[in-house]
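Engineer: One file is attached below, model-v1.cif, containing mmCIF, C-alpha atoms.
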```
data_structure
loop_
_atom_site.label_atom_id
_atom_site.label_comp_id
_atom_site.auth_asym_id
_atom_site.auth_seq_id
_atom_site.Cartn_x
_atom_site.Cartn_y
_atom_site.Cartn_z
CA MET A 5 -49.63 36.83 -37.96
CA ALA A 6 -47.66 35.28 -40.79
CA ASP A 7 -48.68 38.20 -43.08
CA ILE A 8 -47.40 40.73 -40.56
CA ASP A 9 -44.09 38.91 -40.30
CA ASN A 10 -43.78 38.84 -44.10
CA LYS A 11 -44.63 42.52 -44.27
CA ASP A 12 -42.02 43.38 -41.67
CA GLN A 13 -39.42 41.39 -43.55
CA ALA A 14 -40.36 43.09 -46.83
CA GLU A 15 -39.89 46.54 -45.25
CA MET A 16 -36.49 45.63 -43.75
CA ASP A 17 -33.31 46.77 -45.41
CA PRO A 18 -31.47 43.95 -47.26
CA ALA A 19 -28.38 44.67 -45.17
CA ASP A 20 -30.48 44.20 -42.04
CA MET A 21 -31.71 40.89 -43.44
CA GLU A 22 -28.13 39.75 -43.84
CA ASP A 23 -27.42 40.70 -40.24
CA VAL A 24 -30.43 38.73 -39.03
CA GLU A 25 -29.41 35.69 -41.04
CA GLU A 26 -25.87 35.85 -39.66
CA VAL A 27 -27.13 36.12 -36.08
CA GLU A 28 -29.41 33.18 -36.58
CA GLU A 29 -26.55 31.14 -37.99
CA GLU A 30 -24.35 32.03 -35.03
CA GLU A 31 -27.06 31.13 -32.56
CA THR A 32 -27.60 27.82 -34.36
CA GLY A 33 -23.86 27.14 -34.12
CA GLU A 34 -23.87 27.89 -30.39
CA ASP A 35 -26.81 25.52 -29.91
CA GLU A 36 -24.93 22.80 -31.72
CA ASN A 37 -21.80 23.43 -29.66
CA SER A 38 -23.85 23.33 -26.46
CA LYS A 39 -25.44 20.03 -27.43
CA ALA A 40 -22.04 18.66 -28.38
CA ARG A 41 -20.62 19.63 -24.99
CA GLN A 42 -23.53 18.08 -23.17
CA LEU A 43 -23.25 14.90 -25.21
CA THR A 44 -19.52 14.76 -24.45
CA VAL A 45 -20.19 15.14 -20.72
CA GLN A 46 -22.71 12.31 -20.82
CA MET A 47 -20.33 10.07 -22.76
CA MET A 48 -17.39 10.74 -20.45
CA GLN A 49 -19.52 9.90 -17.43
CA ASN A 50 -20.57 6.55 -18.85
CA PRO A 51 -18.18 3.86 -17.52
CA GLN A 52 -18.86 1.54 -20.45
CA ILE A 53 -17.83 4.17 -22.98
CA LEU A 54 -14.75 5.06 -20.93
CA ALA A 55 -13.74 1.40 -20.73
CA ALA A 56 -14.13 0.98 -24.50
CA LEU A 57 -12.11 4.16 -25.09
CA GLN A 58 -9.34 2.99 -22.74
CA GLU A 59 -9.23 -0.38 -24.49
CA ARG A 60 -8.88 1.40 -27.80
CA LEU A 61 -6.07 3.59 -26.47
CA ASP A 62 -4.29 0.57 -25.01
CA GLY A 63 -4.46 -1.05 -28.41
CA LEU A 64 -2.87 2.00 -29.99
CA ASN A 65 -0.13 2.20 -27.37
CA GLY A 66 3.17 1.40 -29.00
CA SER A 67 1.67 0.97 -32.45
CA PRO A 68 3.31 2.84 -35.34
CA SER A 69 1.64 6.06 -36.35
CA GLY A 70 2.54 5.64 -40.01
CA TYR A 71 4.91 8.60 -39.86
CA MET A 72 8.01 6.39 -39.77
CA GLU A 73 6.88 4.52 -42.87
CA SER A 74 6.56 7.79 -44.73
CA LEU A 75 10.15 8.84 -44.06
CA PRO A 76 12.82 8.54 -46.78
CA LYS A 77 15.17 5.58 -46.48
CA VAL A 78 18.16 7.74 -45.61
CA VAL A 79 16.25 9.26 -42.66
CA LYS A 80 15.09 5.83 -41.47
CA ARG A 81 18.72 4.74 -41.59
CA ARG A 82 19.70 7.59 -39.27
CA VAL A 83 16.81 6.83 -36.93
CA ASN A 84 18.14 3.27 -36.65
CA ALA A 85 21.46 4.75 -35.60
CA LEU A 86 19.66 6.69 -32.84
CA LYS A 87 17.95 3.52 -31.66
CA ASN A 88 21.32 1.76 -31.44
CA LEU A 89 22.53 4.64 -29.29
CA GLN A 90 19.45 4.19 -27.11
CA VAL A 91 20.30 0.52 -26.58
CA LYS A 92 23.78 1.55 -25.43
CA CYS A 93 22.15 4.04 -23.04
CA ALA A 94 20.05 1.20 -21.59
CA HIS A 95 23.21 -0.85 -20.92
CA ILE A 96 24.86 2.14 -19.21
CA GLU A 97 21.71 2.60 -17.12
CA ALA A 98 21.91 -1.08 -16.10
CA LYS A 99 25.48 -0.51 -14.91
CA PHE A 100 24.27 2.53 -12.98
CA TYR A 101 21.72 0.41 -11.09
CA GLU A 102 24.36 -2.22 -10.38
CA GLU A 103 26.49 0.46 -8.71
CA VAL A 104 23.41 1.67 -6.82
CA HIS A 105 23.04 -1.87 -5.52
CA GLU A 106 26.68 -1.79 -4.41
CA LEU A 107 25.99 1.48 -2.58
CA GLU A 108 22.94 -0.06 -0.91
CA ARG A 109 25.13 -2.93 0.28
CA LYS A 110 27.74 -0.48 1.59
CA TYR A 111 25.27 1.66 3.51
CA ALA A 112 23.35 -1.36 4.77
CA ALA A 113 26.46 -2.17 6.79
CA LEU A 114 26.35 1.34 8.28
CA TYR A 115 22.64 1.10 9.12
CA GLN A 116 22.85 -2.37 10.65
CA PRO A 117 24.34 -1.39 14.06
CA LEU A 118 21.41 1.02 14.51
CA PHE A 119 18.90 -1.64 13.47
CA ASP A 120 20.57 -4.12 15.84
CA LYS A 121 20.19 -1.65 18.71
CA ARG A 122 16.55 -1.14 17.73
CA SER A 123 16.07 -4.89 17.91
CA ASP A 124 17.75 -5.06 21.32
CA ILE A 125 15.39 -2.39 22.68
CA VAL A 126 12.31 -4.09 21.21
CA LYS A 127 13.15 -7.49 22.71
CA ALA A 128 14.37 -6.03 26.02
CA ALA A 129 18.00 -7.02 25.53
CA TYR A 130 18.99 -3.39 26.08
CA GLU A 131 17.40 -0.66 28.19
CA PRO A 132 17.93 2.81 26.65
CA THR A 133 19.31 5.57 28.87
CA ASP A 134 17.31 8.63 29.90
CA GLU A 135 19.28 10.68 27.39
CA GLU A 136 18.45 8.24 24.58
CA CYS A 137 14.78 8.39 25.52
CA GLU A 138 14.51 12.18 25.34
CA TRP A 139 12.47 13.32 22.35
CA LYS A 140 11.80 16.92 21.44
CA ALA A 141 8.19 17.31 20.39
CA ASP A 142 7.38 19.60 17.49
CA GLU A 143 5.55 22.91 18.06
CA GLU A 144 2.13 21.43 17.43
CA GLU A 145 2.75 18.62 19.90
CA GLU A 146 4.09 21.12 22.47
CA LEU A 147 0.93 23.20 22.18
CA THR A 148 -1.20 20.12 22.66
CA VAL A 149 0.85 19.10 25.68
CA SER A 150 0.60 22.54 27.28
CA LYS A 151 -3.18 22.50 26.97
CA LYS A 152 -3.37 19.11 28.59
CA ASP A 153 -0.91 19.72 31.42
CA GLU A 154 -3.56 19.75 34.09
CA MET A 155 -5.22 16.59 32.80
CA LYS A 156 -1.85 14.87 32.62
CA GLU A 157 -0.97 15.77 36.19
CA LYS A 158 -4.20 14.23 37.38
CA ALA A 159 -3.78 11.17 35.21
CA LYS A 160 -0.16 10.77 36.25
CA LEU A 161 -1.02 9.80 39.80
CA GLU A 162 -3.54 7.24 38.59
CA GLU A 163 -1.07 5.78 36.09
CA GLU A 164 1.62 5.49 38.76
CA LYS A 165 -0.76 3.53 40.93
CA LYS A 166 -1.64 1.23 38.02
CA ASP A 167 2.04 0.78 37.14
CA GLU A 168 2.78 -0.27 40.68
CA GLU A 169 0.08 -2.91 40.47
CA LYS A 170 1.14 -4.18 37.04
CA GLU A 171 4.36 -5.92 36.10
CA ASP A 172 6.85 -3.84 34.15
CA PRO A 173 6.51 -4.82 30.44
CA LYS A 174 9.72 -5.89 28.79
CA GLY A 175 10.97 -4.08 25.70
CA ILE A 176 8.22 -3.03 23.28
CA PRO A 177 5.60 -5.80 23.22
CA GLU A 178 4.09 -6.79 19.85
CA PHE A 179 6.24 -4.25 18.01
CA TRP A 180 6.38 -5.99 14.63
CA SER A 181 2.85 -7.38 14.75
CA THR A 182 1.63 -3.81 15.32
CA VAL A 183 3.66 -2.62 12.34
CA PHE A 184 2.02 -5.29 10.19
CA LYS A 185 -1.46 -4.36 11.38
CA ASN A 186 -0.85 -0.68 10.65
CA VAL A 187 0.13 -1.26 7.00
CA ASP A 188 -2.74 -2.15 4.68
CA LEU A 189 -0.50 -4.06 2.28
CA LEU A 190 0.56 -6.38 5.11
CA SER A 191 -2.58 -6.42 7.24
CA ASP A 192 -4.54 -7.76 4.26
CA MET A 193 -2.38 -10.89 4.47
CA LEU A 194 -2.91 -11.41 8.18
CA GLN A 195 -5.46 -13.85 9.52
CA GLU A 196 -6.63 -14.11 13.10
CA HIS A 197 -4.69 -17.34 13.59
CA ASP A 198 -1.46 -15.59 12.44
CA GLU A 199 -1.49 -12.97 15.18
CA PRO A 200 -0.39 -15.18 18.12
CA ILE A 201 2.61 -16.31 16.03
CA LEU A 202 3.66 -12.81 14.93
CA LYS A 203 3.82 -11.75 18.58
CA HIS A 204 7.03 -13.83 18.68
CA LEU A 205 8.60 -11.93 15.74
CA GLN A 206 11.60 -10.04 17.13
CA ASP A 207 13.22 -8.52 14.05
CA ILE A 208 13.31 -8.31 10.26
CA LYS A 209 16.63 -7.92 8.48
CA VAL A 210 17.63 -7.31 4.87
CA LYS A 211 20.72 -9.08 3.55
CA PHE A 212 22.15 -8.16 0.16
CA SER A 213 24.01 -10.54 -2.14
CA ASP A 214 27.81 -10.64 -1.81
CA PRO A 215 30.00 -8.61 -4.20
CA GLY A 216 30.40 -10.33 -7.55
CA GLN A 217 27.28 -12.44 -7.03
CA PRO A 218 24.04 -12.01 -9.02
CA MET A 219 21.89 -9.17 -7.68
CA SER A 220 19.52 -10.33 -4.93
CA PHE A 221 18.34 -9.60 -1.41
CA THR A 222 17.04 -11.77 1.40
CA LEU A 223 14.48 -10.90 4.05
CA GLU A 224 15.18 -12.59 7.38
CA PHE A 225 12.34 -12.88 9.92
CA LEU A 226 13.80 -13.60 13.36
CA PHE A 227 11.53 -15.34 15.90
CA GLU A 228 11.97 -16.09 19.56
CA PRO A 229 11.34 -19.71 20.64
CA ASN A 230 7.65 -20.49 20.37
CA ASP A 231 5.13 -23.33 20.32
CA PHE A 232 4.31 -23.04 16.61
CA PHE A 233 7.53 -23.97 14.79
CA THR A 234 11.13 -24.79 15.58
CA ASN A 235 12.72 -22.31 13.12
CA THR A 236 14.39 -19.28 14.66
CA VAL A 237 14.73 -17.59 11.24
CA LEU A 238 12.38 -17.67 8.24
CA THR A 239 13.84 -16.40 4.98
CA LYS A 240 12.59 -15.10 1.64
CA THR A 241 15.11 -14.44 -1.16
CA TYR A 242 14.40 -12.27 -4.21
CA LYS A 243 16.60 -12.60 -7.27
CA MET A 244 16.85 -9.52 -9.47
CA ARG A 245 18.12 -8.68 -12.92
CA SER A 246 19.58 -5.38 -14.03
CA GLU A 247 20.16 -5.77 -17.74
CA PRO A 248 18.11 -4.94 -20.81
CA ASP A 249 16.17 -7.74 -22.48
CA GLU A 250 17.85 -8.59 -25.79
CA ASN A 251 14.48 -8.96 -27.48
CA ASP A 252 13.05 -5.75 -26.01
CA PRO A 253 15.88 -3.49 -24.75
CA PHE A 254 13.73 -0.36 -24.72
CA SER A 255 11.50 -1.81 -21.99
CA PHE A 256 14.33 -1.62 -19.46
CA ASP A 257 13.35 0.55 -16.50
CA GLY A 258 15.74 -0.48 -13.74
CA PRO A 259 16.24 -3.75 -11.84
CA GLU A 260 13.33 -6.16 -11.83
CA ILE A 261 12.62 -9.10 -9.54
CA MET A 262 12.83 -12.29 -11.57
CA CYS A 263 11.88 -14.91 -8.99
CA CYS A 264 11.78 -15.59 -5.29
CA THR A 265 12.34 -18.57 -3.02
CA GLY A 266 11.02 -19.16 0.48
CA CYS A 267 11.94 -21.67 3.13
CA THR A 268 10.52 -24.75 4.82
CA ILE A 269 8.73 -24.00 8.06
CA GLU A 270 9.19 -26.79 10.61
CA TRP A 271 5.72 -26.69 12.13
CA THR A 272 4.96 -28.23 15.47
CA LYS A 273 2.39 -31.00 15.12
CA GLY A 274 -1.12 -29.57 14.95
CA LYS A 275 0.13 -25.94 14.72
CA ASN A 276 0.44 -25.50 10.94
CA VAL A 277 -1.83 -22.52 10.21
CA THR A 278 -1.29 -22.79 6.44
CA LEU A 279 -3.38 -25.96 6.36
CA LYS A 280 -6.83 -26.76 7.69
CA THR A 281 -8.78 -29.96 8.07
CA ILE A 282 -12.29 -30.17 6.71
CA LYS A 283 -14.87 -32.91 6.87
CA LYS A 284 -17.11 -33.80 3.95
CA LYS A 285 -20.04 -36.17 3.79
CA GLN A 286 -20.20 -38.46 0.77
CA LYS A 287 -23.27 -40.47 -0.23
CA HIS A 288 -22.85 -43.79 -2.03
CA LYS A 289 -24.82 -43.73 -5.30
CA GLY A 290 -25.89 -47.37 -5.15
CA ARG A 291 -26.37 -48.24 -1.50
CA GLY A 292 -27.27 -44.74 -0.34
CA THR A 293 -24.95 -44.99 2.66
CA VAL A 294 -23.23 -41.84 3.91
CA ARG A 295 -19.63 -41.62 5.05
CA THR A 296 -17.56 -38.74 6.44
CA VAL A 297 -14.24 -38.01 4.72
CA THR A 298 -11.53 -35.85 6.30
CA LYS A 299 -9.37 -33.75 4.00
CA THR A 300 -6.46 -31.39 4.54
CA VAL A 301 -6.66 -28.28 2.35
CA PRO A 302 -4.66 -25.02 2.07
CA ASN A 303 -5.62 -22.27 4.49
CA ASP A 304 -5.22 -18.50 4.14
CA SER A 305 -2.28 -17.30 6.21
CA PHE A 306 0.53 -14.75 6.19
CA PHE A 307 2.95 -17.66 6.41
CA ASN A 308 2.07 -18.72 2.86
CA PHE A 309 4.41 -15.82 2.05
CA PHE A 310 7.29 -18.28 2.57
CA THR A 311 6.02 -20.75 -0.04
CA PRO A 312 5.60 -18.70 -3.25
CA PRO A 313 4.64 -20.33 -6.56
CA GLU A 314 7.58 -21.86 -8.38
CA VAL A 315 8.47 -20.30 -11.72
CA PRO A 316 8.98 -23.04 -14.35
CA GLU A 317 12.01 -22.95 -16.65
CA SER A 318 9.77 -21.82 -19.50
CA GLY A 319 8.82 -18.80 -17.41
CA GLU A 320 5.14 -19.29 -18.24
CA LEU A 321 2.63 -19.06 -15.40
CA ASP A 322 -1.13 -19.19 -15.18
CA GLU A 323 -2.99 -15.98 -14.36
CA ASP A 324 -3.50 -16.84 -10.68
CA SER A 325 0.19 -17.60 -10.14
CA GLU A 326 1.21 -14.44 -11.96
CA ALA A 327 -1.08 -12.38 -9.72
CA VAL A 328 0.30 -14.04 -6.59
CA LEU A 329 3.89 -13.44 -7.66
CA ALA A 330 3.21 -9.83 -8.64
CA ALA A 331 1.73 -9.16 -5.20
CA ASP A 332 4.60 -11.09 -3.58
CA PHE A 333 7.23 -8.97 -5.36
CA GLU A 334 5.44 -5.79 -4.32
CA ILE A 335 5.31 -6.89 -0.68
CA GLY A 336 8.96 -7.97 -0.63
CA HIS A 337 10.08 -4.69 -2.16
CA PHE A 338 7.92 -2.70 0.29
CA ILE A 339 9.32 -4.52 3.33
CA ARG A 340 12.86 -3.93 2.11
CA GLU A 341 12.44 -0.28 1.08
CA ARG A 342 9.98 1.02 3.68
CA ILE A 343 9.22 -1.28 6.60
CA VAL A 344 12.72 -2.26 7.72
CA PRO A 345 14.28 1.24 7.46
CA ARG A 346 11.31 3.05 9.06
CA ALA A 347 9.75 0.43 11.32
CA VAL A 348 9.24 2.72 14.34
CA LEU A 349 7.30 5.24 12.22
CA TYR A 350 4.95 2.51 11.00
CA PHE A 351 4.60 1.35 14.61
CA THR A 352 3.53 4.83 15.74
CA GLY A 353 1.50 5.45 12.57
CA GLU A 354 3.48 8.56 11.56
CA ALA A 355 4.69 7.03 8.30
CA ILE A 356 1.13 6.04 7.45
CA GLU A 357 -0.10 9.58 8.10
CA ASP A 358 2.54 10.90 5.71
CA ASP A 359 1.33 8.49 3.02
CA ASP A 360 -2.28 9.54 3.66
CA ASP A 361 -1.34 13.22 3.40
CA ASP A 362 0.12 12.58 -0.06
CA TYR A 363 -3.08 10.93 -1.21
CA ASP A 364 -5.22 13.68 0.33
CA GLU A 365 -3.31 16.34 -1.58
CA GLU A 366 -3.92 14.54 -4.85
CA GLY A 367 -7.58 14.15 -3.96
CA GLU A 368 -7.91 17.84 -3.13
CA GLU A 369 -6.38 18.80 -6.45
CA ALA A 370 -8.81 16.54 -8.26
CA ASP A 371 -11.69 18.01 -6.26
CA ASP A 372 -10.58 21.53 -7.15
CA GLU A 373 -10.45 20.66 -10.83
CA GLU A 374 -13.90 19.10 -10.69
CA GLY A 375 -15.19 22.17 -8.86
CA GLU A 376 -13.80 24.46 -11.55
CA GLU A 377 -15.42 22.35 -14.28
CA GLU A 378 -18.76 22.44 -12.48
CA ALA A 379 -18.51 26.20 -12.07
CA ASP A 380 -17.73 26.63 -15.77
CA GLU A 381 -20.76 24.54 -16.70
CA GLU A 382 -23.06 26.47 -14.37
CA ASN A 383 -21.85 29.79 -15.83
CA ASP A 384 -22.61 28.51 -19.33
CA PRO A 385 -26.00 30.01 -20.35
CA ASP A 386 -26.78 26.89 -22.39
CA TYR A 387 -25.94 24.50 -19.53
CA ASP A 388 -28.79 22.17 -18.58
CA PRO A 389 -28.06 20.08 -15.45
CA LYS A 390 -30.67 17.52 -16.42
CA GLU A 391 -29.03 16.89 -19.77
CA ALA A 392 -25.52 16.80 -18.27
CA ALA A 393 -26.47 14.33 -15.53
CA PRO A 394 -25.09 10.79 -15.99
CA PRO A 395 -27.46 7.98 -16.92
CA ALA A 396 -29.23 6.20 -14.06
CA GLU A 397 -27.17 3.03 -14.51
CA CYS A 398 -23.98 5.08 -14.18
CA LYS A 399 -25.16 6.63 -10.93
CA GLN A 400 -25.78 3.23 -9.41
CA GLN A 401 -22.24 2.24 -10.08
#
```
I'd like the structure from this file rewritten - as structure tokens, please.

Structural biologist:
Amino acid sequence: MADIDNKDQAEMDPADMEDVEEVEEEETGEDENSKARQLTVQMMQNPQILAALQERLDGLNGSPSGYMESLPKVVKRRVNALKNLQVKCAHIEAKFYEEVHELERKYAALYQPLFDKRSDIVKAAYEPTDEECEWKADEEEELTVSKKDEMKEKAKLEEEKKDEEKEDPKGIPEFWSTVFKNVDLLSDMLQEHDEPILKHLQDIKVKFSDPGQPMSFTLEFLFEPNDFFTNTVLTKTYKMRSEPDENDPFSFDGPEIMCCTGCTIEWTKGKNVTLKTIKKKQKHKGRGTVRTVTKTVPNDSFFNFFTPPEVPESGELDEDSEAVLAADFEIGHFIRERIVPRAVLYFTGEAIEDDDDDYDEEGEEADDEEGEEEADEENDPDYDPKEAAPPAECKQQ
């Protein structure tokens, strides 16, 4: 068989031989490219490799590329002039955010009468008129209503009978506690023993610092009289800074919360949900006798929100305290920016649906991209699904 192959090659035209060699080289190159692609797919699906790559990229972030060092001195000098201009831009941007804060204060005064009326309706201090209660449903809701007209008519009679038997509820019961439960960021803080207390929460207000005072805002939680504490208002104040750091002016990206202070909750005896009593048995090493020791230890509760970690003058915190404060700042900002202005939409769940829709769209886009990549791989004649599959340990994760 080898002799026949040699004979065929000997009879072939030299030009044909060159063509064969070129084809073979091209095919070899395609094989190598295919293997390289498959290896890349495997690597990019390995979480350990991705983590190492991300760590490497993080290390490179902000590091000089070497290009600046290669520039002539006169060019470096001009670049320094541009950087000085950038610092001035940062200071102008800080002034911009200060004026934004002034605008927030101005419009907060315009919003407040509406928020006060909302509060009056929630706590039954004001009964809205029929005209105020009219709400035009959107087309989709109207279609749903029209389909369910017959069912509603039947249910209406039953509901009227039940309403006659029941007492008329006042205002909107458990309005704010429902808002908290509907928002993941807040519901994660809630414990079962917090819920009876939050039923007494009547309103949340945002108060901005006075003109000429350092930038800050205060969250006021207004409670009706209850059996848990004597406070009628619990407060949380966030102090902000809107100026570039002298040591790192280019890091400025708008106002940042510097610290926050809570308040002292005057708990009724035996009602403090931020503490719990535990009993431990201790055995004496020598005599072997056992005694029971009672200790009071911190307890998970939403109301720990009002006793944040104190920031020392040095500004240095341990990792746990930094994590707590970071979460605290996020929650405070979210309550101020989203919860207070749009409370009714978080009560009904409409605001949450809007947030979910945003995430779904991003997820669909990602799915589409992944689908396109999978289709490209399947159309590749050299694609081998076994070779492209992630390692077993990656699948488990």

Engineer: Need the shell around segment 229-246 of chain A: protein/DNA/RNA residues with any atom at most 6 Å away, counting all atoms listed in the file. Skip same-chain ones fewer than 6 positions apart. Format as a list in words?

Structural biologist: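 In the requested form, the answer reads Ala98, Met219, Ser220, Phe221, Thr222, Leu223, Pro259, Glu260, Ile261, Met262, Cys263, Cys264, Thr265, Gly266, Cys267, Glu270, Trp271, Thr272 and Lys275 of chain A.
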
Engineer: Take the point (17.3, -11.2, 7.9) in the file's coordinates, draw a sphere of radius 6 Å around it, and report as a PDB file with C-alpha atoms, keeping the file's coordinate frame every protein, DNA or RNA residue with an atom inside or on it, counting only C-alpha atoms.

Structural biologist:
```pdb
ATOM      1  CA  ILE A 208      13.310  -8.310  10.260  1.00  0.00           C
ATOM      2  CA  LYS A 209      16.630  -7.920   8.480  1.00  0.00           C
ATOM      3  CA  VAL A 210      17.630  -7.310   4.870  1.00  0.00           C
ATOM      4  CA  LYS A 211      20.720  -9.080   3.550  1.00  0.00           C
ATOM      5  CA  LEU A 223      14.480 -10.900   4.050  1.00  0.00           C
ATOM      6  CA  GLU A 224      15.180 -12.590   7.380  1.00  0.00           C
ATOM      7  CA  PHE A 225      12.340 -12.880   9.920  1.00  0.00           C
TER       8      PHE A 225
END
```

Engineer: Report as a ChimeraX atom specification all protein, DNA and RNA residues lying within 12 Å of Gly258 of chain A, evaluated on only C-alpha atoms, omitting residues in the same chain fewer than 4 positions from it.

Structural biologist: /A:94-105,244-249,253-254

Engineer: For the provided coordinates, the residues matched by the PyMOL selection byres ((chain A and resi 326) around 12) should be stated as a VMD selection string.

Structural biologist: chain A and resid 262 to 263 312 to 316 319 to 325 327 to 333

Engineer: Measuring between all atoms listed in the file, which one of A:Arg346, A:Lys280, A:His288, A:Arg81 shows the shortest distance to His197 of chain A?

Structural biologist: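 With all atoms listed in the file as the atom set, the closest residue is A:Lys280.
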
Engineer: If you apply the PyMOL selection byres ((chain A and resi 227) around 6) to this file, what residues do you get, as a PDB file with C-alpha atoms, in the coordinates of the input?

Structural biologist:
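Dumped to part_12.pdb:
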```
ATOM      1  CA  HIS A 204       7.030 -13.830  18.680  1.00  0.00           C
ATOM      2  CA  LEU A 205       8.600 -11.930  15.740  1.00  0.00           C
ATOM      3  CA  GLN A 206      11.600 -10.040  17.130  1.00  0.00           C
ATOM      4  CA  LEU A 226      13.800 -13.600  13.360  1.00  0.00           C
ATOM      5  CA  GLU A 228      11.970 -16.090  19.560  1.00  0.00           C
ATOM      6  CA  THR A 236      14.390 -19.280  14.660  1.00  0.00           C
TER       7      THR A 236
END
```

Engineer: Could you give me, as a ChimeraX atom specification, the residues within 10 Å of Trp180 of chain A, counting only C-alpha atoms and dropping anything in the same chain fewer than 4 positions from it?

Structural biologist: /A:126,176,184-186,202-208,343,347-348,350-351

Engineer: Check the smallest atom-to-atom distance from each of A:Pro345, A:Ala355, A:Glu108, A:Pro76 to Asp214 of chain A using all atoms listed in the file, then report the winner.

Structural biologist: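 For Asp214 of chain A, the nearest of the candidates is A:Glu108.
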
Engineer: Smallest atom-to-atom distance to Glu334 of chain A: which of A:Thr298, A:Met72, A:Phe309, A:Pro200, using all atoms listed in the file?

Structural biologist: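 Among the listed residues, A:Phe309 lies closest to Glu334 of chain A.
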
Engineer: Using Å and a single decimal, report how far atom CA of Tyr115 of chain A sits from atom CA of Ile269 of chain A.

Structural biologist: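 Atom CA of Tyr115 of chain A lies at a distance of 28.7 Å from atom CA of Ile269 of chain A.
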
Engineer: One decimal, in Å: what's the spacing between atom CA of Arg109 of chain A and atom CA of Pro132 of chain A?

Structural biologist: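 Between atom CA of Arg109 of chain A and atom CA of Pro132 of chain A the gap is 27.9 Å.
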
Engineer: Using atom CA of Ile356 of chain A and atom CA of Val187 of chain A as the two end points, give the distance in Å to one decimal.

Structural biologist: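 We find that atom CA of Ile356 of chain A and atom CA of Val187 of chain A lie 7.4 Å from each other.
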
Engineer: Is it possible to get the axis-aligned box enclosing segment 291-307 of chain A (all listed atoms, 3 Å extra per side) as AutoDock Vina command-line options, with centre and edge lengths in Å rounded to one decimal?

Structural biologist:
```
--center_x -12.2 --center_y -31.5 --center_z 2.5 --size_x 36.2 --size_y 39.5 --size_z 13.9
```

Engineer: Hey, could you patch up segment 228-238 of chain A with N, CA, C and O atoms and hand it over as a short mmCIF file (atom, residue, chain, number, x, y, z; two decimals), keeping the file's coordinate frame?

Structural biologist:
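The new file selection-v9.cif reads:
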```cif
data_model
loop_
_atom_site.label_atom_id
_atom_site.label_comp_id
_atom_site.auth_asym_id
_atom_site.auth_seq_id
_atom_site.Cartn_x
_atom_site.Cartn_y
_atom_site.Cartn_z
N GLU A 228 11.56 -15.51 18.30
CA GLU A 228 11.97 -16.09 19.56
C GLU A 228 11.38 -17.50 19.64
O GLU A 228 10.45 -17.84 18.91
N PRO A 229 11.91 -18.35 20.51
CA PRO A 229 11.34 -19.71 20.64
C PRO A 229 9.84 -19.66 20.92
O PRO A 229 9.37 -18.84 21.71
N ASN A 230 9.11 -20.50 20.23
CA ASN A 230 7.65 -20.49 20.37
C ASN A 230 7.09 -21.89 20.19
O ASN A 230 7.82 -22.83 19.85
N ASP A 231 5.79 -22.01 20.39
CA ASP A 231 5.13 -23.33 20.32
C ASP A 231 4.66 -23.69 18.92
O ASP A 231 4.09 -24.77 18.74
N PHE A 232 4.90 -22.83 17.94
CA PHE A 232 4.31 -23.04 16.61
C PHE A 232 5.27 -23.72 15.64
O PHE A 232 4.86 -24.56 14.85
N PHE A 233 6.53 -23.33 15.65
CA PHE A 233 7.53 -23.97 14.79
C PHE A 233 8.89 -23.89 15.45
O PHE A 233 9.11 -23.08 16.38
N THR A 234 9.80 -24.71 14.96
CA THR A 234 11.13 -24.79 15.58
C THR A 234 12.13 -23.82 14.94
O THR A 234 13.20 -23.60 15.52
N ASN A 235 11.80 -23.26 13.78
CA ASN A 235 12.72 -22.31 13.12
C ASN A 235 12.92 -21.07 14.00
O ASN A 235 11.97 -20.57 14.61
N THR A 236 14.14 -20.58 14.02
CA THR A 236 14.39 -19.28 14.66
C THR A 236 14.44 -18.17 13.62
O THR A 236 14.28 -17.00 13.95
N VAL A 237 14.68 -18.56 12.34
CA VAL A 237 14.73 -17.59 11.24
C VAL A 237 13.95 -18.14 10.05
O VAL A 237 14.17 -19.29 9.65
N LEU A 238 13.06 -17.33 9.50
CA LEU A 238 12.38 -17.67 8.24
C LEU A 238 12.91 -16.70 7.19
O LEU A 238 13.04 -15.50 7.44
#
```
